[in-house]
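Below is work23.pdb, which holds PDB, C-alpha atoms.
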```pdb
MODEL        1
ATOM      1  CA  MET U   1       0.000   0.000   0.000
ATOM      2  CA  CYS U   2       2.841   2.341   0.910
ATOM      3  CA  HIS U   3       4.439   1.639  -2.434
ATOM      4  CA  GLN U   4       1.238   2.624  -4.192
ATOM      5  CA  THR U   5       0.996   5.856  -2.147
ATOM      6  CA  VAL U   6       4.596   6.720  -3.013
ATOM      7  CA  CYS U   7       3.998   6.144  -6.737
ATOM      8  CA  LEU U   8       1.003   8.505  -6.695
ATOM      9  CA  VAL U   9       2.925  11.172  -4.750
ATOM     10  CA  ALA U  10       5.984  10.842  -7.036
ATOM     11  CA  ARG U  11       3.864  11.385 -10.132
ATOM     12  CA  HIS U  12       2.225  14.435  -8.582
ATOM     13  CA  LEU U  13       5.533  16.032  -7.522
ATOM     14  CA  GLU U  14       7.134  15.323 -10.864
ATOM     15  CA  ALA U  15       4.166  16.776 -12.787
ATOM     16  CA  HIS U  16       4.818  20.000 -10.860
ATOM     17  CA  GLY U  17       8.527  20.097 -11.695
ATOM     18  CA  ILE U  18      10.194  18.288  -8.772
ATOM     19  CA  PRO U  19      12.413  15.375  -9.935
ATOM     20  CA  THR U  20      11.775  12.304  -7.752
ATOM     21  CA  LEU U  21      13.299   8.923  -7.133
ATOM     22  CA  VAL U  22      11.268   6.165  -5.469
ATOM     23  CA  LEU U  23      13.176   3.558  -3.450
ATOM     24  CA  GLY U  24      11.186   0.473  -2.524
ATOM     25  CA  SER U  25      11.193  -3.260  -1.879
ATOM     26  CA  ALA U  26       7.918  -4.427  -3.503
ATOM     27  CA  ARG U  27       8.875  -4.733  -7.166
ATOM     28  CA  ASP U  28       5.448  -5.625  -8.543
ATOM     29  CA  ILE U  29       3.769  -2.596  -6.926
ATOM     30  CA  LEU U  30       6.504  -0.294  -8.288
ATOM     31  CA  VAL U  31       6.061  -1.752 -11.774
ATOM     32  CA  ALA U  32       2.267  -1.268 -11.577
ATOM     33  CA  GLY U  33       2.540   2.284 -10.203
ATOM     34  CA  ARG U  34       5.278   3.290 -12.668
ATOM     35  CA  PRO U  35       6.814   6.290 -10.931
ATOM     36  CA  PRO U  36       9.152   8.512 -13.009
ATOM     37  CA  ARG U  37      12.315   6.907 -11.519
ATOM     38  CA  ALA U  38      12.456   3.867  -9.253
ATOM     39  CA  ALA U  39      15.052   1.706  -7.520
ATOM     40  CA  PHE U  40      14.179  -1.749  -6.209
ATOM     41  CA  VAL U  41      16.029  -3.485  -3.409
ATOM     42  CA  ASP U  42      15.048  -7.133  -2.866
ATOM     43  CA  TYR U  43      14.761  -6.907   0.936
ATOM     44  CA  PRO U  44      11.859  -7.725   3.261
ATOM     45  CA  LEU U  45       9.374  -4.866   3.728
ATOM     46  CA  GLY U  46      10.537  -2.380   6.363
ATOM     47  CA  HIS U  47      14.123  -2.336   5.047
ATOM     48  CA  SER U  48      13.953  -0.300   1.825
ATOM     49  CA  ALA U  49      16.897   1.830   2.963
ATOM     50  CA  GLY U  50      19.206  -1.032   3.936
ATOM     51  CA  LYS U  51      19.919  -3.675   6.556
ATOM     52  CA  PRO U  52      19.455  -2.648  10.192
ATOM     53  CA  HIS U  53      22.642  -1.585  12.002
ATOM     54  CA  ASP U  54      24.659  -1.965   8.783
ATOM     55  CA  ARG U  55      25.861   1.513   7.815
ATOM     56  CA  ALA U  56      27.842   0.259   4.794
ATOM     57  CA  ASP U  57      24.811  -1.529   3.345
ATOM     58  CA  GLN U  58      22.487   1.426   4.032
ATOM     59  CA  ARG U  59      24.888   3.720   2.276
ATOM     60  CA  SER U  60      25.229   1.337  -0.650
ATOM     61  CA  VAL U  61      21.431   1.004  -1.092
ATOM     62  CA  VAL U  62      20.712   4.730  -0.802
ATOM     63  CA  SER U  63      23.671   5.756  -3.014
ATOM     64  CA  GLY U  64      22.721   3.110  -5.566
ATOM     65  CA  ALA U  65      19.193   4.514  -5.694
ATOM     66  CA  LEU U  66      20.301   8.157  -5.841
ATOM     67  CA  ALA U  67      22.556   7.329  -8.804
ATOM     68  CA  GLY U  68      19.306   7.007 -10.755
ATOM     69  CA  PHE U  69      18.986  10.799 -10.787
ATOM     70  CA  ALA U  70      22.000  10.918 -13.112
ATOM     71  CA  THR U  71      21.484   7.716 -15.087
ATOM     72  CA  ILE U  72      17.737   7.538 -15.762
ATOM     73  CA  ASP U  73      16.584   9.526 -18.783
ATOM     74  CA  THR U  74      13.591   7.396 -19.807
ATOM     75  CA  PRO U  75      10.471   8.106 -17.702
ATOM     76  CA  GLY U  76       9.311   5.032 -15.803
ATOM     77  CA  THR U  77      12.718   3.332 -15.553
ATOM     78  CA  LEU U  78      13.284   0.961 -12.619
ATOM     79  CA  ILE U  79      16.798   0.104 -11.424
ATOM     80  CA  ASP U  80      17.337  -3.311  -9.775
ATOM     81  CA  LEU U  81      19.897  -2.765  -7.013
ATOM     82  CA  PRO U  82      22.460  -5.588  -6.639
ATOM     83  CA  ASN U  83      22.263  -5.743  -2.816
ATOM     84  CA  ALA U  84      21.350  -9.213  -1.472
ATOM     85  CA  TRP U  85      19.671  -9.838   1.904
ATOM     86  CA  GLY U  86      21.452 -13.188   2.266
ATOM     87  CA  ASP U  87      18.928 -15.315   4.138
ATOM     88  CA  ASP U  88      15.842 -16.080   2.010
ATOM     89  CA  ALA U  89      13.620 -17.448   4.799
ATOM     90  CA  TRP U  90      11.453 -14.286   4.824
ATOM     91  CA  ARG U  91      10.239 -14.890   1.274
ATOM     92  CA  SER U  92       7.876 -17.770   2.059
ATOM     93  CA  GLU U  93       6.150 -15.758   4.793
ATOM     94  CA  ALA U  94       5.884 -12.682   2.529
ATOM     95  CA  SER U  95       4.469 -14.775  -0.361
ATOM     96  CA  SER U  96       2.002 -16.685   1.816
ATOM     97  CA  THR U  97      -1.567 -16.816   0.502
ATOM     98  CA  GLU U  98      -3.002 -18.180   3.761
ATOM     99  CA  ALA U  99      -6.123 -16.407   5.012
ATOM    100  CA  ARG U 100      -4.440 -13.982   7.395
ATOM    101  CA  ASP U 101      -4.631 -10.267   8.078
ATOM    102  CA  THR U 102      -1.643  -8.864   9.949
ATOM    103  CA  ARG U 103      -2.909  -5.272   9.944
ATOM    104  CA  GLN U 104      -3.872  -3.439  13.110
ATOM    105  CA  PRO U 105      -7.526  -2.554  13.810
ATOM    106  CA  ARG U 106      -8.446   0.693  12.082
ATOM    107  CA  ASP U 107      -9.642   3.634  14.173
ATOM    108  CA  LEU U 108      -8.765   7.301  14.691
ATOM    109  CA  THR U 109      -6.702   6.951  17.897
ATOM    110  CA  PRO U 110      -3.057   8.083  17.549
ATOM    111  CA  GLN U 111      -0.875   5.008  17.994
ATOM    112  CA  TRP U 112       2.104   6.128  20.062
ATOM    113  CA  GLN U 113       5.218   3.980  19.840
ATOM    114  CA  ARG U 114       5.987   4.709  23.480
ATOM    115  CA  ALA U 115       3.697   5.897  26.254
ATOM    116  CA  GLY U 116       5.875   8.968  26.877
ATOM    117  CA  ASP U 117       5.319  10.148  23.285
ATOM    118  CA  ARG U 118       1.708  10.984  24.121
ATOM    119  CA  GLU U 119       2.751  13.242  27.015
ATOM    120  CA  ALA U 120       5.456  14.871  24.856
ATOM    121  CA  ALA U 121       2.867  15.664  22.152
ATOM    122  CA  ILE U 122       0.485  17.136  24.721
ATOM    123  CA  ALA U 123       3.324  19.245  26.212
ATOM    124  CA  SER U 124       4.316  20.622  22.788
ATOM    125  CA  GLY U 125       0.709  21.355  21.865
ATOM    126  CA  ALA U 126       0.793  18.965  18.892
ATOM    127  CA  TRP U 127      -2.065  16.938  20.313
ATOM    128  CA  ALA U 128      -4.866  17.318  22.838
ATOM    129  CA  PRO U 129      -6.663  14.342  24.358
TER
ATOM    130  CA  MET L   1      12.230 -15.370  -6.401
ATOM    131  CA  THR L   2      10.966 -11.827  -6.121
ATOM    132  CA  VAL L   3       7.860 -11.701  -3.918
ATOM    133  CA  GLU L   4       4.607 -10.982  -5.793
ATOM    134  CA  TYR L   5       2.908  -8.873  -3.141
ATOM    135  CA  MET L   6      -0.192  -7.866  -5.093
ATOM    136  CA  ALA L   7      -1.107 -11.468  -5.954
ATOM    137  CA  ALA L   8      -0.351 -12.724  -2.433
ATOM    138  CA  ILE L   9      -2.376  -9.986  -0.725
ATOM    139  CA  ARG L  10      -5.269 -10.461  -3.157
ATOM    140  CA  ALA L  11      -5.343 -14.219  -2.451
ATOM    141  CA  ARG L  12      -5.100 -13.720   1.333
ATOM    142  CA  TYR L  13      -7.968 -11.260   1.492
ATOM    143  CA  GLU L  14     -10.109 -13.293  -0.884
ATOM    144  CA  LYS L  15      -9.904 -16.213   1.537
ATOM    145  CA  LEU L  16     -10.956 -13.870   4.356
ATOM    146  CA  GLY L  17     -14.021 -12.859   2.330
ATOM    147  CA  TYR L  18     -12.897  -9.242   1.750
ATOM    148  CA  THR L  19     -13.802  -7.328  -1.405
ATOM    149  CA  PRO L  20     -10.757  -7.539  -3.714
ATOM    150  CA  TYR L  21      -8.615  -4.394  -3.420
ATOM    151  CA  ARG L  22      -8.193  -2.528  -6.686
ATOM    152  CA  TRP L  23      -4.518  -1.625  -6.856
ATOM    153  CA  TYR L  24      -3.398   1.404  -8.755
ATOM    154  CA  VAL L  25      -2.062   0.375 -12.149
ATOM    155  CA  ALA L  26      -0.604   3.264 -14.163
ATOM    156  CA  GLU L  27      -2.077   3.448 -17.607
ATOM    157  CA  ASP L  28      -0.072   6.411 -18.829
ATOM    158  CA  ALA L  29       3.637   7.202 -18.992
ATOM    159  CA  PRO L  30       4.841   9.056 -15.886
ATOM    160  CA  PRO L  31       5.611  12.770 -16.022
ATOM    161  CA  PHE L  32       9.321  13.561 -16.059
ATOM    162  CA  ALA L  33      11.228  16.574 -14.726
ATOM    163  CA  PRO L  34      14.960  16.369 -15.476
ATOM    164  CA  LEU L  35      17.412  17.257 -12.722
ATOM    165  CA  ARG L  36      18.668  20.806 -13.247
ATOM    166  CA  GLN L  37      22.106  20.251 -11.750
ATOM    167  CA  PRO L  38      24.102  17.286 -10.401
ATOM    168  CA  LEU L  39      23.005  15.759  -7.092
ATOM    169  CA  ALA L  40      26.231  17.009  -5.492
ATOM    170  CA  ALA L  41      24.982  20.554  -6.108
ATOM    171  CA  SER L  42      21.312  19.853  -5.310
ATOM    172  CA  ARG L  43      19.159  20.337  -2.248
ATOM    173  CA  LEU L  44      17.493  16.991  -1.594
ATOM    174  CA  GLY L  45      14.118  16.403   0.030
ATOM    175  CA  LEU L  46      13.025  13.151   1.686
ATOM    176  CA  LEU L  47       9.673  11.435   2.163
ATOM    177  CA  SER L  48       9.213   8.170   4.008
ATOM    178  CA  THR L  49       5.855   6.373   4.112
ATOM    179  CA  SER L  50       6.845   4.457   7.240
ATOM    180  CA  GLY L  51       4.775   6.505   9.684
ATOM    181  CA  ALA L  52       7.787   8.256  11.247
ATOM    182  CA  TYR L  53       7.265  11.083  13.731
ATOM    183  CA  ALA L  54       9.555  12.941  16.108
ATOM    184  CA  VAL L  55       9.072  12.993  19.864
ATOM    185  CA  GLY L  56       6.730  15.928  20.539
ATOM    186  CA  GLN L  57       4.703  15.313  17.384
ATOM    187  CA  CYS L  58       1.421  13.471  17.033
ATOM    188  CA  ALA L  59       1.547   9.768  16.145
ATOM    189  CA  TYR L  60      -0.521   8.438  13.232
ATOM    190  CA  HIS L  61      -3.832   6.668  13.469
ATOM    191  CA  TYR L  62      -4.651   3.581  11.460
ATOM    192  CA  LYS L  63      -7.815   4.642   9.668
ATOM    193  CA  ASP L  64      -6.474   6.049   6.389
ATOM    194  CA  ASP L  65      -4.404   8.743   8.156
ATOM    195  CA  ALA L  66      -3.628  10.904   5.101
ATOM    196  CA  GLY L  67      -1.601  13.530   6.981
ATOM    197  CA  PHE L  68       2.152  13.963   7.133
ATOM    198  CA  ARG L  69       4.778  15.173   9.632
ATOM    199  CA  ALA L  70       7.590  17.650   8.948
ATOM    200  CA  ILE L  71      10.622  16.378  10.843
ATOM    201  CA  PRO L  72      13.747  18.553  11.318
ATOM    202  CA  SER L  73      16.528  16.848   9.362
ATOM    203  CA  ASP L  74      18.910  17.148  12.318
ATOM    204  CA  THR L  75      16.633  15.022  14.534
ATOM    205  CA  ALA L  76      18.649  12.436  16.475
ATOM    206  CA  PRO L  77      17.746   8.777  15.747
ATOM    207  CA  GLU L  78      16.725   8.253  19.380
ATOM    208  CA  ASP L  79      14.038  10.936  18.966
ATOM    209  CA  LEU L  80      12.403   9.213  15.973
ATOM    210  CA  ARG L  81       9.286   7.087  16.443
ATOM    211  CA  PHE L  82       7.011   5.099  14.149
ATOM    212  CA  SER L  83       3.351   4.165  13.997
ATOM    213  CA  HIS L  84       1.884   2.380  11.009
ATOM    214  CA  ILE L  85      -1.053   0.085  10.277
ATOM    215  CA  THR L  86       1.422  -2.659   9.377
ATOM    216  CA  GLU L  87       3.344  -2.534  12.658
ATOM    217  CA  ASN L  88       4.861  -5.942  11.846
ATOM    218  CA  TYR L  89       7.273  -4.262   9.394
ATOM    219  CA  LEU L  90       8.522  -1.800  12.012
ATOM    220  CA  VAL L  91      10.393  -4.172  14.314
ATOM    221  CA  ASP L  92      13.819  -3.259  12.876
ATOM    222  CA  PRO L  93      13.089   0.442  12.111
ATOM    223  CA  LYS L  94      12.200   0.977  15.788
ATOM    224  CA  GLN L  95      15.719  -0.241  16.657
ATOM    225  CA  ASP L  96      17.488   1.463  13.747
ATOM    226  CA  PRO L  97      15.387   4.089  11.921
ATOM    227  CA  ASP L  98      17.922   4.309   9.076
ATOM    228  CA  CYS L  99      16.812   0.991   7.578
ATOM    229  CA  ILE L 100      13.557   2.635   6.453
ATOM    230  CA  PHE L 101      14.008   6.385   7.091
ATOM    231  CA  PRO L 102      17.549   7.165   5.863
ATOM    232  CA  LEU L 103      18.115  10.445   7.666
ATOM    233  CA  GLY L 104      21.521   9.461   9.058
ATOM    234  CA  THR L 105      22.566   7.925   5.738
ATOM    235  CA  LEU L 106      21.685  11.109   3.859
ATOM    236  CA  ARG L 107      23.479  13.295   6.420
ATOM    237  CA  ALA L 108      26.604  11.166   5.843
ATOM    238  CA  LEU L 109      26.238  11.528   2.049
ATOM    239  CA  VAL L 110      25.961  15.321   2.449
ATOM    240  CA  ALA L 111      29.054  15.355   4.682
ATOM    241  CA  ASP L 112      30.945  13.451   1.978
ATOM    242  CA  GLY L 113      29.800  15.799  -0.780
ATOM    243  CA  ALA L 114      27.765  13.196  -2.721
ATOM    244  CA  VAL L 115      24.607  15.216  -2.036
ATOM    245  CA  GLY L 116      24.670  19.014  -2.039
ATOM    246  CA  ALA L 117      22.401  19.592   0.937
ATOM    247  CA  LEU L 118      19.497  18.072   2.779
ATOM    248  CA  ALA L 119      16.271  20.050   3.245
ATOM    249  CA  ASP L 120      15.867  21.573   6.723
ATOM    250  CA  GLU L 121      12.722  19.516   7.196
ATOM    251  CA  VAL L 122      12.040  16.046   5.805
ATOM    252  CA  PHE L 123       8.643  14.405   5.656
ATOM    253  CA  SER L 124       6.904  11.236   6.640
ATOM    254  CA  CYS L 125       3.387   9.951   6.187
ATOM    255  CA  MET L 126       1.650   6.718   7.091
ATOM    256  CA  GLY L 127       1.514   5.229   3.612
ATOM    257  CA  GLY L 128      -1.096   2.602   4.432
ATOM    258  CA  VAL L 129      -3.957   4.683   3.037
ATOM    259  CA  TYR L 130      -6.463   2.585   1.119
ATOM    260  CA  SER L 131      -8.282   5.485  -0.518
ATOM    261  CA  GLN L 132      -6.367   6.448  -3.670
ATOM    262  CA  ARG L 133      -8.688   9.440  -3.945
ATOM    263  CA  ARG L 134      -7.504  10.767  -0.560
ATOM    264  CA  VAL L 135      -3.836  10.279  -1.545
ATOM    265  CA  ARG L 136      -4.411  12.179  -4.794
ATOM    266  CA  GLU L 137      -6.587  14.937  -3.328
ATOM    267  CA  GLU L 138      -5.069  15.388   0.153
ATOM    268  CA  THR L 139      -1.636  13.819   0.718
ATOM    269  CA  ALA L 140       0.023  14.506  -2.653
ATOM    270  CA  PRO L 141      -0.957  18.222  -2.968
ATOM    271  CA  ALA L 142      -0.035  18.889   0.692
ATOM    272  CA  LEU L 143       3.372  17.260   0.195
ATOM    273  CA  LEU L 144       3.965  19.198  -3.029
ATOM    274  CA  GLU L 145       3.413  22.447  -1.155
ATOM    275  CA  ALA L 146       5.652  21.249   1.687
ATOM    276  CA  PHE L 147       8.497  20.262  -0.659
ATOM    277  CA  GLN L 148       8.187  23.584  -2.497
ATOM    278  CA  GLY L 149       8.361  25.361   0.860
ATOM    279  CA  GLN L 150      11.642  23.566   1.551
ATOM    280  CA  GLY L 151      13.080  24.747  -1.773
ATOM    281  CA  VAL L 152      14.199  21.267  -2.809
ATOM    282  CA  ASP L 153      15.735  20.554  -6.221
ATOM    283  CA  CYS L 154      14.749  16.870  -6.076
ATOM    284  CA  ALA L 155      13.281  14.359  -3.657
ATOM    285  CA  LEU L 156      13.986  10.797  -2.527
ATOM    286  CA  LEU L 157      10.771   8.927  -1.683
ATOM    287  CA  VAL L 158      11.256   5.777   0.370
ATOM    288  CA  ALA L 159       8.364   3.301   0.422
ATOM    289  CA  MET L 160       7.766   0.849   3.242
TER
ENDMDL
END
```
Re-express the file's structure as structure tokens.
Amino acid sequence: MCHQTVCLVARHLEAHGIPTLVLGSARDILVAGRPPRAAFVDYPLGHSAGKPHDRADQRSVVSGALAGFATIDTPGTLIDLPNAWGDDAWRSEASSTEARDTRQPRDLTPQWQRAGDREAAIASGAWAP
Amino acid sequence: MTVEYMAAIRARYEKLGYTPYRWYVAEDAPPFAPLRQPLAASRLGLLSTSGAYAVGQCAYHYKDDAGFRAIPSDTAPEDLRFSHITENYLVDPKQDPDCIFPLGTLRALVADGAVGALADEVFSCMGGVYSQRRVREETAPALLEAFQGQGVDCALLVAM
């Protein structure tokens, strides 16, 4: 879903003169959404900008994507980044077609990562209970 | 094998008895705005759809939250938080934000001269919005105005 949102936003920005580059890890959704420039990294969702705690890999993924600003001159081009996750165990879970919905219940309550975040937002005036 | 997310999600929800989701499939060629100068001389903007917010800002809700947060680009990683309808993908980002929201990575690339500058404020939204109409009519125009306000020459958009 996020990949779809990004494709729509990229097209809107680009139509108004801002060059964009979309970096993502769901190749089929990027192909369907066809943003102006895209880079695909074959990592599990949640890791589009590199492996956790691996600064060299993060830099390699982000630099590899940003290179597309110089190399892509055909609208809708997608670059496949060479970075490899290593362990492929995540793929079977991600491809599962079992009847399962991992999403959270949908309502309008702000979902704070930590309890203290709520108090911090109240203190700054960003949110009122 | 590259994961086919659209087919897998369609099959999963079909078994649960949900109405099939109609994914956006582009029918026309994308617009294209060439970069005016090299990246090393450009001011770069950033958008992440991972539901990032800074301590002191409001978290996201899960019901098609179409808003976004402007996060100062010098925010320390320990002051970044996430909330997203697919919380299961946030296990690693909550430990190391840079694997989905590459603020530290981009600061390092600016320090090395590979990127000219980073916008003063970068943006995040909670990309799990099912209404394509709301993304087109609310999120995208608001982000365009925000990016223009930051005077960016180009923007990196990272999808979760």
What would the selection look like, as a PDB file with C-alpha atoms, in the coordinates of the input, if the PyMOL selection byres ((chain L and resi 11-16) around 7) were run on the coordinates I just shared?
```
ATOM      1  CA  THR U  97      -1.567 -16.816   0.502  1.00  0.00           C
ATOM      2  CA  GLU U  98      -3.002 -18.180   3.761  1.00  0.00           C
ATOM      3  CA  ALA U  99      -6.123 -16.407   5.012  1.00  0.00           C
ATOM      4  CA  ARG U 100      -4.440 -13.982   7.395  1.00  0.00           C
TER       5      ARG U 100
ATOM      6  CA  ALA L   7      -1.107 -11.468  -5.954  1.00  0.00           C
ATOM      7  CA  ALA L   8      -0.351 -12.724  -2.433  1.00  0.00           C
ATOM      8  CA  ILE L   9      -2.376  -9.986  -0.725  1.00  0.00           C
ATOM      9  CA  ARG L  10      -5.269 -10.461  -3.157  1.00  0.00           C
ATOM     10  CA  GLY L  17     -14.021 -12.859   2.330  1.00  0.00           C
ATOM     11  CA  TYR L  18     -12.897  -9.242   1.750  1.00  0.00           C
ATOM     12  CA  PRO L  20     -10.757  -7.539  -3.714  1.00  0.00           C
TER      13      PRO L  20
END
```
Considering all atoms listed in the file, state which residue in the set L:Ile71, L:Val110, L:Met126, L:Ala159 is at the smallest distance from Ser42 of chain L.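 Distance minimum relative to Ser42 of chain L lands on L:Val110.
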Interatomic distance between atom CA of Asp112 of chain L and atom CA of Ala40 of chain L?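 Going from atom CA of Asp112 of chain L over to atom CA of Ala40 of chain L covers 9.5 Å.
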For the PyMOL selection byres ((chain U and resi 37) around 9), applied here, can you spell out every residue it catches as a PDB file with C-alpha atoms, in the frame of the given file?
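Once written, out07.pdb looks like this:
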```pdb
ATOM      1  CA  ALA U  10       5.984  10.842  -7.036  1.00  0.00           C
ATOM      2  CA  PRO U  19      12.413  15.375  -9.935  1.00  0.00           C
ATOM      3  CA  THR U  20      11.775  12.304  -7.752  1.00  0.00           C
ATOM      4  CA  LEU U  21      13.299   8.923  -7.133  1.00  0.00           C
ATOM      5  CA  VAL U  22      11.268   6.165  -5.469  1.00  0.00           C
ATOM      6  CA  LEU U  23      13.176   3.558  -3.450  1.00  0.00           C
ATOM      7  CA  ARG U  34       5.278   3.290 -12.668  1.00  0.00           C
ATOM      8  CA  PRO U  35       6.814   6.290 -10.931  1.00  0.00           C
ATOM      9  CA  PRO U  36       9.152   8.512 -13.009  1.00  0.00           C
ATOM     10  CA  ALA U  38      12.456   3.867  -9.253  1.00  0.00           C
ATOM     11  CA  ALA U  39      15.052   1.706  -7.520  1.00  0.00           C
ATOM     12  CA  GLY U  68      19.306   7.007 -10.755  1.00  0.00           C
ATOM     13  CA  PHE U  69      18.986  10.799 -10.787  1.00  0.00           C
ATOM     14  CA  ILE U  72      17.737   7.538 -15.762  1.00  0.00           C
ATOM     15  CA  ASP U  73      16.584   9.526 -18.783  1.00  0.00           C
ATOM     16  CA  THR U  74      13.591   7.396 -19.807  1.00  0.00           C
ATOM     17  CA  PRO U  75      10.471   8.106 -17.702  1.00  0.00           C
ATOM     18  CA  GLY U  76       9.311   5.032 -15.803  1.00  0.00           C
ATOM     19  CA  THR U  77      12.718   3.332 -15.553  1.00  0.00           C
ATOM     20  CA  LEU U  78      13.284   0.961 -12.619  1.00  0.00           C
ATOM     21  CA  ILE U  79      16.798   0.104 -11.424  1.00  0.00           C
TER      22      ILE U  79
ATOM     23  CA  PRO L  30       4.841   9.056 -15.886  1.00  0.00           C
ATOM     24  CA  PHE L  32       9.321  13.561 -16.059  1.00  0.00           C
TER      25      PHE L  32
END
```
If you take all atoms listed in the file and a cut-off of 6 Å, which residues of chain L touch chain U, and what are their nearest atom pairs and distances in Å to one decimal, in chain and number order, as a Markdown table?
```
| residue | atom | partner | partner_atom | distance |
| --- | --- | --- | --- | --- |
| L:Val3 | CA | U:Ser95 | CA | 5.8 |
| L:Ala8 | CA | U:Thr97 | CA | 5.2 |
| L:Ala11 | CA | U:Thr97 | CA | 5.5 |
| L:Arg12 | CA | U:Ala99 | CA | 4.7 |
| L:Lys15 | CA | U:Ala99 | CA | 5.1 |
| L:Leu16 | CA | U:Ala99 | CA | 5.5 |
| L:Val25 | CA | U:Ala32 | CA | 4.7 |
| L:Ala26 | CA | U:Gly33 | CA | 5.2 |
| L:Pro30 | CA | U:Pro36 | CA | 5.2 |
| L:Pro31 | CA | U:Ala15 | CA | 5.3 |
| L:Phe32 | CA | U:Pro75 | CA | 5.8 |
| L:Ala33 | CA | U:Pro19 | CA | 5.1 |
| L:Thr49 | CA | U:Cys2 | CA | 6.0 |
| L:Val55 | CA | U:Asp117 | CA | 5.8 |
| L:Gly56 | CA | U:Ala121 | CA | 4.2 |
| L:Gln57 | CA | U:Ala121 | CA | 5.1 |
| L:Cys58 | CA | U:Ala121 | CA | 5.8 |
| L:Ala59 | CA | U:Pro110 | CA | 5.1 |
| L:Tyr60 | CA | U:Pro110 | CA | 5.0 |
| L:His61 | CA | U:Pro110 | CA | 4.4 |
| L:Tyr62 | CA | U:Arg106 | CA | 4.8 |
| L:Lys63 | CA | U:Arg106 | CA | 4.7 |
| L:Ser83 | CA | U:Gln111 | CA | 5.9 |
| L:Ile85 | CA | U:Gln104 | CA | 5.3 |
| L:Thr86 | CA | U:Arg103 | CA | 5.1 |
| L:Tyr89 | CA | U:Gly46 | CA | 4.8 |
| L:Asp96 | CA | U:Pro52 | CA | 5.8 |
| L:Cys99 | CA | U:Ala49 | CA | 4.7 |
| L:Ile100 | CA | U:Ala49 | CA | 4.9 |
| L:Thr105 | CA | U:Arg59 | CA | 5.9 |
| L:Gly127 | CA | U:Cys2 | CA | 4.2 |
| L:Gly128 | CA | U:Met1 | CA | 5.3 |
| L:Ala140 | CA | U:Val9 | CA | 4.9 |
| L:Leu144 | CA | U:Leu13 | CA | 5.7 |
| L:Cys154 | CA | U:Pro19 | CA | 4.8 |
| L:Ala155 | CA | U:Thr20 | CA | 4.8 |
| L:Leu156 | CA | U:Leu21 | CA | 5.0 |
| L:Leu157 | CA | U:Val22 | CA | 4.7 |
| L:Val158 | CA | U:Leu23 | CA | 4.8 |
| L:Ala159 | CA | U:Gly24 | CA | 5.0 |
| L:Met160 | CA | U:Gly46 | CA | 5.3 |
```
Quick one: pull the distance between atom CA of Pro82 of chain U and atom CA of Gly45 of chain L, Å, one decimal. 24.4 Å
I need the residue nearest Gly67 of chain L from this list: L:Met1, L:Ala52, L:Leu103, L:Leu35. Use all atoms listed in the file for the distance.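 The shortest atom-to-atom distance to Gly67 of chain L comes from L:Ala52.
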For a test of reading the model, state the distance in Å between atom CA of Leu39 of chain L and atom CA of Leu106 of chain L, rounded to one decimal.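 Those two atoms sit 12.0 Å apart.
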Any chance you could work out the residue set of the PyMOL selection byres ((chain L and resi 78) around 10) here, as a PDB file with C-alpha atoms, in the frame of the given file?
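Saved as part_34.pdb:
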```pdb
ATOM      1  CA  ALA L  54       9.555  12.941  16.108  1.00  0.00           C
ATOM      2  CA  VAL L  55       9.072  12.993  19.864  1.00  0.00           C
ATOM      3  CA  THR L  75      16.633  15.022  14.534  1.00  0.00           C
ATOM      4  CA  ALA L  76      18.649  12.436  16.475  1.00  0.00           C
ATOM      5  CA  PRO L  77      17.746   8.777  15.747  1.00  0.00           C
ATOM      6  CA  ASP L  79      14.038  10.936  18.966  1.00  0.00           C
ATOM      7  CA  LEU L  80      12.403   9.213  15.973  1.00  0.00           C
ATOM      8  CA  ARG L  81       9.286   7.087  16.443  1.00  0.00           C
ATOM      9  CA  LYS L  94      12.200   0.977  15.788  1.00  0.00           C
ATOM     10  CA  GLN L  95      15.719  -0.241  16.657  1.00  0.00           C
ATOM     11  CA  ASP L  96      17.488   1.463  13.747  1.00  0.00           C
ATOM     12  CA  PRO L  97      15.387   4.089  11.921  1.00  0.00           C
TER      13      PRO L  97
END
```
Shortest interatomic distance to Val129 of chain L - which of L:Leu90, L:Leu109, L:Ala66, L:Val115, counting only C-alpha atoms: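 Closest residue, counting only C-alpha atoms: L:Ala66.
Each of L:His84, L:Arg107, L:Arg136, L:Arg43 was checked against Tyr24 of chain L using only C-alpha atoms; the smallest atom-to-atom distance is that of L:Arg136.
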Box for segment 50-66 of chain U: with edges along x, y and z, all listed atoms inside and 4 Å added on each side, what are the centre and edge lengths in Å to one decimal, as AutoDock Vina command-line options?
```
--center_x 23.5 --center_y 2.2 --center_z 3.1 --size_x 16.6 --size_y 19.8 --size_z 25.8
```
Which one of L:Arg133, L:Ala114, L:Phe147, L:Tyr53 sits closest to Phe101 of chain L if you count all atoms listed in the file?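 Checking each of L:Arg133, L:Ala114, L:Phe147, L:Tyr53 against Phe101 of chain L, counting all atoms listed in the file, the winner is L:Tyr53.
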Give me the residues near Gly149 of chain L as JSON, numbers by chain, where near means some atom within 12 Å (using all atoms listed in the file) and where sequence neighbours in that chain fewer than 2 positions away do not count. {"L": [45, 70, 119, 120, 121, 122, 123, 142, 143, 144, 145, 146, 147, 151, 152, 153]}
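Using only C-alpha atoms, the shortest contact distance between Pro102 of chain L and any of L:Leu47, L:Glu87, L:Cys125, L:Asp64 is found at L:Leu47.
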